[in-house]
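Read the structure below first, then the notes.
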Amino acid sequence: MNELSPAERYKRSKENSKFTKLEAFASELRFPLDDFQEKSCRALESGSGVLVAAPTGAGKTIVGEFAIYLAVQSGQKVFYTTPIKALSNQKFAELTAKYGKEKVGLLTGDTNNNSDAQIVVMTTEVLRNMIYANSQSLRDLGFVVMDEVHYLADRFRGAVWEEVILHLPKDVRVVSLSATVSNAEEFGAWLAEVRGNTQIIVSEIRPVPLHQHVMLGDEILELFESGSNGMRVNPELARKHQALQRNPIRTRGKGGHHQRDRGSFQKLDKPRVVSNLEEAGLLPAIFFIFSRAGCEGAVSACRRDGLRLTNREEQLEIRRIAEARCSSIADEDLDTLGYFDWLASLERGFAAHHAGMLPAFKEVVEELFLRKLVRVVFATETLALGINMPARTVVLERLDKFNGEGRVQITAGEYTQLTGRAGRRGIDTEGHSVILWGQQLDPNLVAGLASKRTYPLNSSFKPTYNMAVNLISAFGAHRASKMLEKSFAQFQADRGVVGLARVIAEKQESLEGYESAMECHLGDFIEYSRIRREISDLERGNYQNRNRAGKDLRQSKGARQLEMQLADLKRQMRAHPSHGCADREAHARWGERYQKLRKEIDAAVSQIESRTNLVARTFNRICQLLTDLNYLVEEDDDLEVTDSGNRLAKIYGERDLLIAECINKGAWTNLDPANLAALGMALVYEGRRDEGDYEPKLPKGDFRDALEATENIQEQLLELQTRYRLPKETQLDLGLCWATYRWASGARLDDVLKLSGLLPGDFIRWSKQLIDLLDQLSKGADAKLAETAYRAMDLVKRGIVAYSYYI
């Protein structure tokens with residue numbers, strides 16, 4: 001047997017060592033690797049980046065954990081990024097348990113725990129800021145895991161994911177973990193273009209099969225016909241649906257008693273639904289209700305009904321865990337927070353989960369649900385955004401939700417995301433989704449949502465003022481503009497251009513055929529048909545306007561000008577040589593088609609022009625505006641960042657430029673800490689659109705002067721934004737200023753919640769955003785304002801806000 005050459009021996013040893021690493025990693029897992037997991041891990045071993053798109057609960061994070069394993073084995077650093085702090089905290093706890101607290105760090109903006117560790121979990125914004133600051137922490141970085149990368153479609157925060165992917169050092173391998181999206185290949189092609197070698201691994205296979213049901217009265221019926229491969233609605237369900245549409249039935253409420261329906265079918269009450277699920281062996285369950293009040297109402301109904309899903313031993317364990325986790329909350333706040341009702345429900349085995357709850361309460365619910373002590377959670381859809389809470393069953397109360405303006409149907413992607421929680425790997429052999437029947441619920445609609453997998457990933461990337469100064473500071477204007485041309489937003493726009501160009505080419509052929517068909521020996525019939533079309537359009541518009549406005553319009557100056565224009569066009573038409581053609585009307589029919597198609601082609605060309613270099617052109621207009629305001633200056637055929645620009649570079653958020661201008665112009669110099677906190681809240685708070693118009697109470701004195709100055713500066717910016725065709729800021733929302741001022745002045749929690757009209761979780765969430773803004777001011781403003789901001793942070797970060805700040 002011939003001896004292997006040195007090169008072959010090296011290749012064989014590399015292959016063996018790689019196999020050994022994967023084998024060693026896999027041996028520690030509770031499950032054998034699925035095909036998509038093994039393909040993804042082997043791609044990482046071979047030196048590729050990967051995009052892994054797979055259903056919720058399929059085990060995508062195994063690929064991220066293998067990247068961590070490879071980094072640890074090779075002595076490199078690895079960052080694990082998540083979209084929200086709760087996920088970062090959860091992953092940090094998991095990795096600390098596995099690798100030890102010396103090897104794992106956590107960075108979430110407000111938490112800096114062992115940041116120089118080999119493995120660091122962080123929010124995506126933290127990594128973006130590190131890149132712009134050219135942080136030393138990026139040295140020796142081998143891998144970045146981007147969990148929930150489909151967040152880049154988020155219109156508020158999505159740009160951060162693209163910034164990170166574009167600007168990470170090229171030798172860093174990116175592991176992108178995404179929910180199932182219908183355009184994974186398109187996204188993967190962009191990743192390969194901007195990051196280099198990237199393999200795309202897509203799996204639509206759920207490790208735990210999902211059975212879809214409709215609960216109709218007390219019956220739980222299959223949604224799909226047996227053996228139809230998920231394509232045909234169960235005929236029995238269809239028949240019963242049609243019968244109920246014709247003859248509404250009685251509904252069953254508390255105690256199983258019949259109650260006469262008032263003209264339309266009403267669903268079972270929540271306790272009865274839960275009892276049915278328990279009898280059918282379908283607990284634990286997540287019950288999605290698209291309103292916080294609905295979630296709390298369901299919990300109250302179950303408590304009033306006397307529903308109990310736990311035994312005495314489980315109740316004691318629930319109380320022990322809840323009391324231990326909430327022991328730091330002041331006694332005076334417990335009643336305000338609804339602690340005692342919350343604990344009573346927990347002990348019975350059910351709870352709510354929504355953004356208005358105290359973060360600590362939500363964490364206890366999550367822990368107890370994972371430990372099978374809480375059997376039913378009534379949740380809003382925010383629970384579907386990545387928190388690790390799989391259930392045996394997911395229940396949907398309805399398939400539409402309020403979007404701030406009206407009720408809209410949930411999308412197929414949302415349906416898939418919600419029902420993806422059903423089925424616990426290693427516990428359940430199958431998962432279940434249950435839709436509650438109502439007269440507005442058509443089984444065919446449910447079947448369409450359940451069988452559809454269209455969840456396109458569309459970029460929400462838009463350059464911002466803060467992004468512009470950071471990019472120019474790091475790369476210079478020319479290089480920054482070129483980099484932005486590589487964004488996923490531009491990549492998608494360019495692909496759209498290719499499609500439009502193909503459409504234009506096809507229509508151009510038809511246009512040439514129409515030209516031949518209407519050729520006239522007397523003159524240019526294209527010109528003649530254009531005049532006829534223009535007359536027709538003007539007459540149609542004039543008729544519609546007259547109908548809307550009546551006699552007043554006929555006597556107006558605009559109407560007289562329109563009549564004169566029409567008369568002039570008609571003279572042109574009669575004077576045109578083709579007007580005397582014997583075949584004029586036959587030509588005109590082709591002319592109508594020609595002009596209509598010409599209009600469509602012109603619109604497509606306009607679309608192409610608007611999409612070409614879209615992102616870079618927006619960036620250039622931002623740079624022009626920032627140059628006008630002295631945040632940038634021209635220097636040696638490029639742009640340089642001024643001192644004002646360096647200040648803007650430290651301000652992240654929707655109103656970055658307004659905040660920077662207010663600092664520069666001293667608009668907030670005379671504010672004390674409580675008033676600065678109140679004004680800061682106006683800059684971050686966005687009230688619900690259904691809150692109605694009212695005149696909010698505001699602090700007096702210096703606050704009013706500072707607010708007037710801020711609004712004047714905003715008006716000046718709106719004029720500039722209009723001139724440069726840039727998005728305009730919305731007006732400040734003053735609805736939470738007074739409550740914030742009172743909180744920063746030492747008011748009690750119950751008083752402040754009454755003033756704000758907010759649930760505790762919402763008040764805490766907005767307070768956290770305010771603290772983040774004040775923190776930016778404390779680092780980026782002049783000395784006096786920075787000191788005021790620092791003191792304001794201390795005033796806001798007290799009591800329940802301080803307790804919840806790091807959660």
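By convention here, the chains of the structure tokens are called A, B, ... in the order presented, each chain's residues are numbered starting at 1, and ligands are numbered starting at 1 in the order presented.
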Skipping near chain neighbours, those fewer than 5 positions away, what residues fall within 8 Å of stretch 578-595 of chain A using only C-alpha atoms, listed as an MDAnalysis selection string?
chainID A and resid 511 514:515 517:520 522:526 528:530 533 573
Find the residues around A:Val104 up to 10 Å (only C-alpha atoms counted), leave out those fewer than 5 positions away in its own chain, and share them as number ranges by chain. A: 78-79, 92-99, 113-121
Suppose we keep all heavy atoms; can you now write the selection as a compact mmCIF listing (two decimals), in the first residue's frame?
# COMPACT_ATOMS: atom_id res chain seq x y z
N VAL A 78 -16.31 34.13 20.89
CA VAL A 78 -17.58 33.98 20.18
C VAL A 78 -18.61 34.88 20.85
O VAL A 78 -18.68 34.95 22.08
CB VAL A 78 -18.04 32.51 20.15
CG1 VAL A 78 -18.14 31.92 21.55
CG2 VAL A 78 -19.38 32.36 19.42
N PHE A 79 -19.37 35.60 20.03
CA PHE A 79 -20.47 36.43 20.53
C PHE A 79 -21.79 35.76 20.14
O PHE A 79 -21.95 35.32 18.99
CB PHE A 79 -20.44 37.83 19.92
CG PHE A 79 -19.28 38.68 20.37
CD1 PHE A 79 -18.93 39.83 19.67
CD2 PHE A 79 -18.53 38.35 21.50
CE1 PHE A 79 -17.87 40.62 20.07
CE2 PHE A 79 -17.47 39.14 21.91
CZ PHE A 79 -17.14 40.27 21.19
N PHE A 92 -27.61 33.40 28.57
CA PHE A 92 -26.48 33.55 29.49
C PHE A 92 -26.55 32.50 30.60
O PHE A 92 -25.55 31.86 30.94
CB PHE A 92 -26.50 34.97 30.09
CG PHE A 92 -25.48 35.19 31.18
CD1 PHE A 92 -24.13 35.20 30.91
CD2 PHE A 92 -25.90 35.39 32.49
CE1 PHE A 92 -23.19 35.41 31.92
CE2 PHE A 92 -24.99 35.60 33.51
CZ PHE A 92 -23.63 35.60 33.22
N ALA A 93 -27.74 32.31 31.15
CA ALA A 93 -27.91 31.31 32.22
C ALA A 93 -27.60 29.90 31.70
O ALA A 93 -26.92 29.12 32.37
CB ALA A 93 -29.34 31.37 32.76
N GLU A 94 -28.07 29.58 30.49
CA GLU A 94 -27.82 28.25 29.91
C GLU A 94 -26.33 28.01 29.70
O GLU A 94 -25.79 26.95 30.05
CB GLU A 94 -28.54 28.12 28.57
CG GLU A 94 -30.05 28.03 28.66
CD GLU A 94 -30.70 28.05 27.28
OE1 GLU A 94 -29.98 27.81 26.28
OE2 GLU A 94 -31.91 28.33 27.20
N LEU A 95 -25.65 28.99 29.11
CA LEU A 95 -24.23 28.81 28.78
C LEU A 95 -23.36 28.83 30.03
O LEU A 95 -22.33 28.14 30.08
CB LEU A 95 -23.78 29.90 27.79
CG LEU A 95 -24.43 29.81 26.40
CD1 LEU A 95 -24.05 31.01 25.55
CD2 LEU A 95 -24.02 28.52 25.70
N THR A 96 -23.74 29.62 31.03
CA THR A 96 -22.99 29.63 32.29
C THR A 96 -23.06 28.27 32.96
O THR A 96 -22.06 27.75 33.48
CB THR A 96 -23.54 30.72 33.23
OG1 THR A 96 -23.43 31.99 32.60
CG2 THR A 96 -22.76 30.76 34.54
N ALA A 97 -24.26 27.66 32.91
CA ALA A 97 -24.42 26.32 33.51
C ALA A 97 -23.55 25.30 32.78
O ALA A 97 -23.04 24.36 33.40
CB ALA A 97 -25.89 25.91 33.45
N LYS A 98 -23.34 25.50 31.48
CA LYS A 98 -22.59 24.52 30.70
C LYS A 98 -21.08 24.76 30.75
O LYS A 98 -20.30 23.81 30.89
CB LYS A 98 -23.07 24.56 29.24
CG LYS A 98 -22.39 23.52 28.35
CD LYS A 98 -23.06 23.46 27.00
CE LYS A 98 -22.44 22.37 26.15
NZ LYS A 98 -23.11 22.22 24.84
N TYR A 99 -20.64 26.04 30.64
CA TYR A 99 -19.21 26.33 30.51
C TYR A 99 -18.58 26.94 31.77
O TYR A 99 -17.35 27.07 31.84
CB TYR A 99 -18.98 27.28 29.33
CG TYR A 99 -19.22 26.62 27.99
CD1 TYR A 99 -20.41 26.84 27.30
CD2 TYR A 99 -18.26 25.79 27.41
CE1 TYR A 99 -20.63 26.24 26.06
CE2 TYR A 99 -18.49 25.18 26.17
CZ TYR A 99 -19.66 25.41 25.51
OH TYR A 99 -19.89 24.81 24.29
N ASN A 113 -21.37 42.16 32.51
CA ASN A 113 -20.96 41.06 33.38
C ASN A 113 -19.90 40.25 32.66
O ASN A 113 -20.19 39.57 31.67
CB ASN A 113 -22.18 40.20 33.72
CG ASN A 113 -21.87 39.09 34.71
OD1 ASN A 113 -20.73 38.71 34.91
ND2 ASN A 113 -22.92 38.54 35.32
N ASN A 114 -18.63 40.36 33.11
CA ASN A 114 -17.55 39.54 32.55
C ASN A 114 -17.44 39.73 31.03
O ASN A 114 -17.38 38.77 30.26
CB ASN A 114 -17.78 38.06 32.89
CG ASN A 114 -16.51 37.22 32.73
OD1 ASN A 114 -15.40 37.74 32.70
ND2 ASN A 114 -16.67 35.92 32.62
N SER A 115 -17.38 41.00 30.60
CA SER A 115 -17.45 41.31 29.17
C SER A 115 -16.23 40.85 28.38
O SER A 115 -16.26 40.79 27.15
CB SER A 115 -17.64 42.81 28.97
OG SER A 115 -16.57 43.54 29.56
N ASP A 116 -15.12 40.53 29.06
CA ASP A 116 -13.92 40.06 28.37
C ASP A 116 -13.86 38.54 28.28
O ASP A 116 -12.83 37.97 27.89
CB ASP A 116 -12.65 40.56 29.09
CG ASP A 116 -12.51 42.07 28.99
OD1 ASP A 116 -12.89 42.62 27.93
OD2 ASP A 116 -12.05 42.69 29.96
N ALA A 117 -14.96 37.87 28.61
CA ALA A 117 -14.98 36.41 28.59
C ALA A 117 -14.84 35.88 27.16
O ALA A 117 -15.02 36.62 26.19
CB ALA A 117 -16.28 35.90 29.21
N GLN A 118 -14.55 34.59 27.05
CA GLN A 118 -14.40 33.98 25.73
C GLN A 118 -15.76 33.88 25.01
O GLN A 118 -15.84 34.02 23.79
CB GLN A 118 -13.80 32.57 25.86
CG GLN A 118 -13.45 31.93 24.53
CD GLN A 118 -12.75 30.60 24.70
OE1 GLN A 118 -12.67 30.07 25.79
NE2 GLN A 118 -12.24 30.05 23.61
N ILE A 119 -16.82 33.65 25.78
CA ILE A 119 -18.18 33.59 25.24
C ILE A 119 -18.95 34.76 25.82
O ILE A 119 -19.07 34.87 27.05
CB ILE A 119 -18.88 32.28 25.65
CG1 ILE A 119 -18.03 31.06 25.29
CG2 ILE A 119 -20.27 32.18 25.03
CD1 ILE A 119 -18.45 29.79 26.02
N VAL A 120 -19.47 35.64 24.97
CA VAL A 120 -20.23 36.78 25.47
C VAL A 120 -21.61 36.80 24.80
O VAL A 120 -21.70 36.79 23.58
CB VAL A 120 -19.51 38.12 25.24
CG1 VAL A 120 -20.31 39.26 25.90
CG2 VAL A 120 -18.10 38.10 25.79
N VAL A 121 -22.64 36.80 25.62
CA VAL A 121 -24.02 36.94 25.14
C VAL A 121 -24.37 38.42 25.17
O VAL A 121 -24.06 39.11 26.14
CB VAL A 121 -24.99 36.13 26.02
CG1 VAL A 121 -26.41 36.22 25.46
CG2 VAL A 121 -24.54 34.68 26.13
Original post:
Nearest to A:Ala489 among A:Ala58, A:Leu777, A:Leu152, A:Leu277, with distances taken over only C-alpha atoms: which residue is it?
Top reply: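 Comparing A:Ala58, A:Leu777, A:Leu152, A:Leu277 against A:Ala489, the winner is A:Leu152.
Taking only C-alpha atoms, the non-local environment of A:Tyr805 within 12 Å (same-chain residues fewer than 5 positions away omitted) comprises Lys85, Ala86, Thr108, Gly109, Asp110, Thr111, Leu358, Pro359, Ala360, Gly761, Phe763, Ile764, Arg765, Trp766, Ser767, Lys768, Gln769, Leu770, Ile771, Asp772, Met793, Val796, Lys797, Arg798, Gly799 and Ile800 of chain A.
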| Distance query stretch 388-392 of chain A at most 9 Å, only C-alpha atoms, self and fewer than 6 positions along chain excluded, as a VMD selection string | chain A and resid 57 87 90 282 to 286 366 to 367 369 to 370 375 420 to 425 427 to 428 430 to 433
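When atom CA of A:Leu707 is paired with atom CA of A:Leu736, their separation reads 13.8 Å.
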**Prompt:** Excluding same-chain residues fewer than 2 positions from stretch 454-462 of chain A, what lies within 6 Å of it counting only C-alpha atoms, as a list in words?
**Reply:** Ala153, Arg155, Gly158, Ala159, Val181, Ser182, Asn183, Gly413, Lys452 and Ala489 of chain A
| query | Please, which residues of stretch 243-405 of chain A, numbered as in this document, come out strand (DSSP E) from DSSP, as a PyMOL selection string? | reply | chain A and resi 251-252+258-259+285-288+350-353+376-379+393-396+400-402
Expressed in Å, the length from atom CA of A:Gly666 to atom CA of A:Ala474 is 27.9 Å
Q) So which one's closest to A:Gly701, A:Asp672, A:Asp494, A:Glu640, A:Glu204? Using only C-alpha atoms, please. A)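 Ranked by minimum distance to A:Gly701, first place goes to A:Asp672.
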Original post:
In terms of the shortest atom-to-atom distance over only C-alpha atoms, which of A:Arg723, A:His521, A:Arg325, A:Arg206 is closest to A:Ile622?
Top reply: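 Among A:Arg723, A:His521, A:Arg325, A:Arg206, it is A:Arg723 that comes nearest to A:Ile622.
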Of A:Tyr339, A:Trp437, A:Phe287, A:Trp668, the one nearest to A:Thr419 when counting only C-alpha atoms is A:Phe287
So which residues touch A:Leu698 within 9 Å, counting only C-alpha atoms, skipping near sequence neighbours fewer than 3 positions away, as a PDB file with N, CA and C atoms, in the first residue's frame?
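Everything below was put into out_29.pdb:
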ATOM      1  N   ALA A 678     -38.937  64.225  32.735  1.00  0.00           N
ATOM      2  CA  ALA A 678     -40.261  64.400  32.135  1.00  0.00           C
ATOM      3  C   ALA A 678     -40.153  64.721  30.651  1.00  0.00           C
ATOM      4  N   PHE A 703     -39.838  73.636  32.583  1.00  0.00           N
ATOM      5  CA  PHE A 703     -40.250  72.565  31.671  1.00  0.00           C
ATOM      6  C   PHE A 703     -40.958  73.154  30.456  1.00  0.00           C
ATOM      7  N   ARG A 704     -41.907  74.080  30.674  1.00  0.00           N
ATOM      8  CA  ARG A 704     -42.672  74.666  29.561  1.00  0.00           C
ATOM      9  C   ARG A 704     -41.738  75.389  28.581  1.00  0.00           C
ATOM     10  N   LEU A 734     -46.836  63.846  24.771  1.00  0.00           N
ATOM     11  CA  LEU A 734     -46.667  64.393  26.128  1.00  0.00           C
ATOM     12  C   LEU A 734     -47.477  63.642  27.178  1.00  0.00           C
ATOM     13  N   GLY A 735     -48.083  62.528  26.777  1.00  0.00           N
ATOM     14  CA  GLY A 735     -49.027  61.833  27.648  1.00  0.00           C
ATOM     15  C   GLY A 735     -48.451  61.276  28.929  1.00  0.00           C
ATOM     16  N   CYS A 737     -45.555  62.650  30.494  1.00  0.00           N
ATOM     17  CA  CYS A 737     -44.614  63.606  31.108  1.00  0.00           C
ATOM     18  C   CYS A 737     -44.929  63.861  32.578  1.00  0.00           C
ATOM     19  N   TRP A 738     -46.231  64.110  32.887  1.00  0.00           N
ATOM     20  CA  TRP A 738     -46.586  64.459  34.266  1.00  0.00           C
ATOM     21  C   TRP A 738     -46.344  63.285  35.213  1.00  0.00           C
ATOM     22  N   ALA A 739     -46.735  62.090  34.803  1.00  0.00           N
ATOM     23  CA  ALA A 739     -46.522  60.907  35.648  1.00  0.00           C
ATOM     24  C   ALA A 739     -45.025  60.678  35.881  1.00  0.00           C
ATOM     25  N   TYR A 741     -42.649  63.013  35.793  1.00  0.00           N
ATOM     26  CA  TYR A 741     -42.192  64.074  36.696  1.00  0.00           C
ATOM     27  C   TYR A 741     -42.516  63.720  38.158  1.00  0.00           C
TER      28      TYR A 741
END
Spatial neighbours of A:Lys570, 12 Å, only C-alpha atoms, chain gap at least 3 places, as a PyMOL selection string
chain A and resi 528+530-536+538-539+563-567+573-576+579
